Amino acid sequence: MRFDPWDPDFVAHPYGVYADLREHRPVSFFEPTGQWLVARHADVNALLRDRRLGRSYLHLATHEEFGRPPEPDFQEPFWRVIRAGMLDVEPPVHTRLRRLVSRAFTPRMVESLRPRVRKTAESLVDSFVAKGGGDLIAEVAEPLPVTVIADMLGIPESDRHLLRPWSADICGMYELNPSIEAQHTAVRAAQEFGDYLRERAADPGDDNLIAALAAIDELTMDELVGTCVLLLNAGHEATVNVTGNGWWALFRNPAELARLREDPGLLPTAVEELMRWDTPLQMFERWVLDDIEVGGVAIPKGVEVALLFGSANRDPEVFAEPDRLDVGRADNPHISFGAGIHFCLGAPLARIELIESFGALLRKAPKLELLREPEWTGNYIIRGLRSLEMSV
Ligand code: HEM
């Protein structure tokens, strides 16, 4: 098999291809997207921290000056929202936004959410158990992070069903070479989501993150909207898929599941290991802002590198027996939360959510069984399962 992010077989089983890339072609040109694929942990980690690369080049040059085609006009409403959030900008704007948002998103505030996260996880698992099981993704994995982030932002219950479809449609733009239809869907979702948040920001209520952000004078309305869209998207897309991929990993490794059931004290290392073993975010891209050399290969300014997180996480140079799932793995510098200036702002919250949801399922559903082999959605960049049917 070859690296082919549009081939469902590759998406289902990428790890053999990654091993081959790491060994024989750790930095290789991928014609269909015009990107350089980077497969080794050391290179991925170094490039994420290297300021000669960026998630955007627009702080330095126009599309034309950078030798890129202009974005089609119809995409303007999408980029207006997305580039107002910290993930798609570089310093100095990134530094300013991250500082302002961190002010409202402190570790203390996140830790104070733990009891609420636990209660939500337990009540979702209780309903799941009462029904005799069902689709774990729809019943537990999705609603938990959506509820947590919607609570934080003060989004009323009656509007929450809107969030996941908006977020999924927006994320369609992040797949490789998205279809025109997917692009239009993403633009429409960004516009609707933006309009909705603008309305909420005008009257946010008290004691929620939108109110806290609205109180920061230096944050413009566009930046507030971009930040909330980012928090809502980043705040659940990956967590849903760590839960799904993680349980599927445990079912394929029953001895590790049994070990975890016997010693729930392993939950913190188990969650890190599940994130490493089958990360939901398989690839992140960076623009090369200045000529660089990676593993002896010269990469010129103006192109994109594709950092293969899934591959970096299985690199034998860094992880002993990388293909073995070890829920007690102590030394685990996985790259699933990124590295460098864009390192996941929500990592502490994601860890709380995952520990609470895996913990609640282990406690309350000791006989959880998989009913049938799940299917992948087919998306590569945000890689997850369509459903995970279980009995309890
Ligand atoms: C297991 C779940 C999660 C994973 C695997 C994950 C992963 C990541 C990664 C890899 C990045 C960096 C992307 C890059 O460098 O190009 C990132 C950035 C970010 N994540 Fe997460 N994330 C998760 C959960 C969350 C949650 C729960 C939140 C917030 C509620 C969140 C908020 C953010 C934000 C705001 C950024 C942008 C940071 C910046 O640009 O400075 N993430 N995340």
# chains A, B, ... in the order shown; residues from 1 in each chain; ligands from 1

call {"tool": "residues_near_ligand", "arguments": {"ligand": "ligand 1", "cutoff": "7 Å", "atoms": "only C-alpha atoms and all ligand atoms", "output": "JSON, numbers by chain"}}
result
{"A": [48, 55, 86, 87, 88, 94, 98, 149, 230, 231, 232, 234, 235, 236, 238, 239, 242, 279, 280, 281, 284, 285, 336, 337, 338, 339, 341, 342, 343, 344, 345, 346, 347, 349, 350, 351]}

call {"tool": "residues_around", "arguments": {"residues": "A:Gly328", "least_positions_apart": "6", "cutoff": "10 Å", "atoms": "only C-alpha atoms", "output": "list in words"}}
result
Glu256, Arg259, Leu260, Asp263, Gly265, Leu266, Leu267, Pro268, Thr269, Ala270, Val271, Glu272 and Glu273 of chain A

call {"tool": "residues_around", "arguments": {"residues": "A:Gly134", "least_positions_apart": "4", "cutoff": "10 Å", "atoms": "only C-alpha atoms", "output": "ChimeraX atom specification"}}
result
/A:128-129,138-140,370-371,387-392

call {"tool": "write_last_selection", "arguments": {"atoms": "all heavy atoms", "output": "short mmCIF file (atom, residue, chain, number, x, y, z; two decimals), in the first residue's frame"}}
result
data_model
loop_
_atom_site.label_atom_id
_atom_site.label_comp_id
_atom_site.auth_asym_id
_atom_site.auth_seq_id
_atom_site.Cartn_x
_atom_site.Cartn_y
_atom_site.Cartn_z
N PHE A 128 -26.90 5.45 28.81
CA PHE A 128 -26.40 4.45 27.86
C PHE A 128 -26.61 3.04 28.43
O PHE A 128 -27.11 2.15 27.76
CB PHE A 128 -24.91 4.73 27.62
CG PHE A 128 -24.26 3.90 26.55
CD1 PHE A 128 -24.58 4.07 25.21
CD2 PHE A 128 -23.30 2.94 26.88
CE1 PHE A 128 -23.96 3.32 24.23
CE2 PHE A 128 -22.68 2.19 25.90
CZ PHE A 128 -23.00 2.37 24.58
N VAL A 129 -26.29 2.88 29.71
CA VAL A 129 -26.42 1.58 30.37
C VAL A 129 -27.91 1.21 30.49
O VAL A 129 -28.30 0.08 30.22
CB VAL A 129 -25.72 1.60 31.74
CG1 VAL A 129 -26.05 0.35 32.54
CG2 VAL A 129 -24.21 1.74 31.57
N ALA A 138 -22.48 8.32 19.37
CA ALA A 138 -23.62 9.25 19.41
C ALA A 138 -24.11 9.48 20.84
O ALA A 138 -24.58 10.57 21.17
CB ALA A 138 -24.75 8.71 18.54
N GLU A 139 -24.00 8.45 21.67
CA GLU A 139 -24.63 8.54 23.01
C GLU A 139 -23.72 9.13 24.08
O GLU A 139 -24.19 9.71 25.05
CB GLU A 139 -25.07 7.14 23.47
CG GLU A 139 -25.99 6.40 22.52
CD GLU A 139 -27.38 7.00 22.47
OE1 GLU A 139 -27.80 7.57 23.48
OE2 GLU A 139 -28.03 6.91 21.41
N VAL A 140 -22.40 8.93 23.94
CA VAL A 140 -21.49 9.40 24.99
C VAL A 140 -20.36 10.28 24.43
O VAL A 140 -20.13 11.40 24.88
CB VAL A 140 -20.87 8.20 25.78
CG1 VAL A 140 -19.91 8.70 26.86
CG2 VAL A 140 -21.95 7.32 26.38
N LEU A 370 -18.32 -5.10 22.28
CA LEU A 370 -18.48 -4.56 20.93
C LEU A 370 -19.40 -5.47 20.14
O LEU A 370 -19.25 -6.68 20.15
CB LEU A 370 -17.09 -4.53 20.28
CG LEU A 370 -16.95 -3.75 19.00
CD1 LEU A 370 -17.21 -2.27 19.26
CD2 LEU A 370 -15.54 -3.93 18.44
N LEU A 371 -20.40 -4.89 19.45
CA LEU A 371 -21.35 -5.73 18.72
C LEU A 371 -20.89 -6.04 17.30
O LEU A 371 -21.16 -7.09 16.77
CB LEU A 371 -22.72 -5.05 18.67
CG LEU A 371 -23.43 -4.98 20.02
CD1 LEU A 371 -24.74 -4.23 19.90
CD2 LEU A 371 -23.68 -6.39 20.56
N SER A 387 -19.48 4.97 13.88
CA SER A 387 -20.26 4.60 15.07
C SER A 387 -19.52 3.47 15.77
O SER A 387 -18.60 2.87 15.20
CB SER A 387 -21.67 4.15 14.68
OG SER A 387 -21.57 3.01 13.85
N LEU A 388 -19.93 3.20 17.00
CA LEU A 388 -19.31 2.13 17.78
C LEU A 388 -20.43 1.47 18.57
O LEU A 388 -20.82 1.95 19.65
CB LEU A 388 -18.24 2.76 18.69
CG LEU A 388 -17.11 1.90 19.21
CD1 LEU A 388 -16.36 1.20 18.09
CD2 LEU A 388 -16.13 2.73 20.02
N GLU A 389 -20.97 0.40 17.97
CA GLU A 389 -22.16 -0.24 18.55
C GLU A 389 -21.76 -1.20 19.65
O GLU A 389 -20.95 -2.11 19.44
CB GLU A 389 -22.90 -1.03 17.46
CG GLU A 389 -23.44 -0.18 16.32
CD GLU A 389 -24.62 0.70 16.74
OE1 GLU A 389 -25.27 0.37 17.75
OE2 GLU A 389 -24.87 1.71 16.07
N MET A 390 -22.34 -1.00 20.82
CA MET A 390 -21.94 -1.82 21.97
C MET A 390 -23.15 -2.31 22.76
O MET A 390 -24.19 -1.66 22.78
CB MET A 390 -21.11 -0.98 22.92
CG MET A 390 -19.84 -0.52 22.31
SD MET A 390 -18.83 0.06 23.61
CE MET A 390 -17.41 0.56 22.71
N SER A 391 -22.97 -3.41 23.46
CA SER A 391 -23.96 -3.82 24.45
C SER A 391 -23.30 -3.67 25.83
O SER A 391 -22.07 -3.67 25.93
CB SER A 391 -24.40 -5.25 24.23
OG SER A 391 -23.30 -6.11 24.46
N VAL A 392 -24.14 -3.55 26.87
CA VAL A 392 -23.51 -3.34 28.20
C VAL A 392 -23.78 -4.55 29.11
O VAL A 392 -24.65 -5.35 28.84
CB VAL A 392 -24.05 -2.08 28.90
CG1 VAL A 392 -23.60 -0.85 28.16
CG2 VAL A 392 -25.55 -2.11 29.03
#

call {"tool": "closest_atom_pairs", "arguments": {"of": "stretch 33-134 of chain A", "to": "stretch 191-203 of chain A", "cutoff": "8 Å", "atoms": "only C-alpha atoms", "output": "JSON lines"}}
result
{"residue": "A:Pro77", "atom": "CA", "partner": "A:Gln191", "partner_atom": "CA", "distance": 6.0}
{"residue": "A:Phe78", "atom": "CA", "partner": "A:Gln191", "partner_atom": "CA", "distance": 6.6}
{"residue": "A:Val81", "atom": "CA", "partner": "A:Gly194", "partner_atom": "CA", "distance": 6.7}

call {"tool": "closest_residue", "arguments": {"among": "A:Gly295, A:Ala249, A:Gly378, A:Pro143", "to": "A:His24", "atoms": "only C-alpha atoms"}}
result
A:Gly295
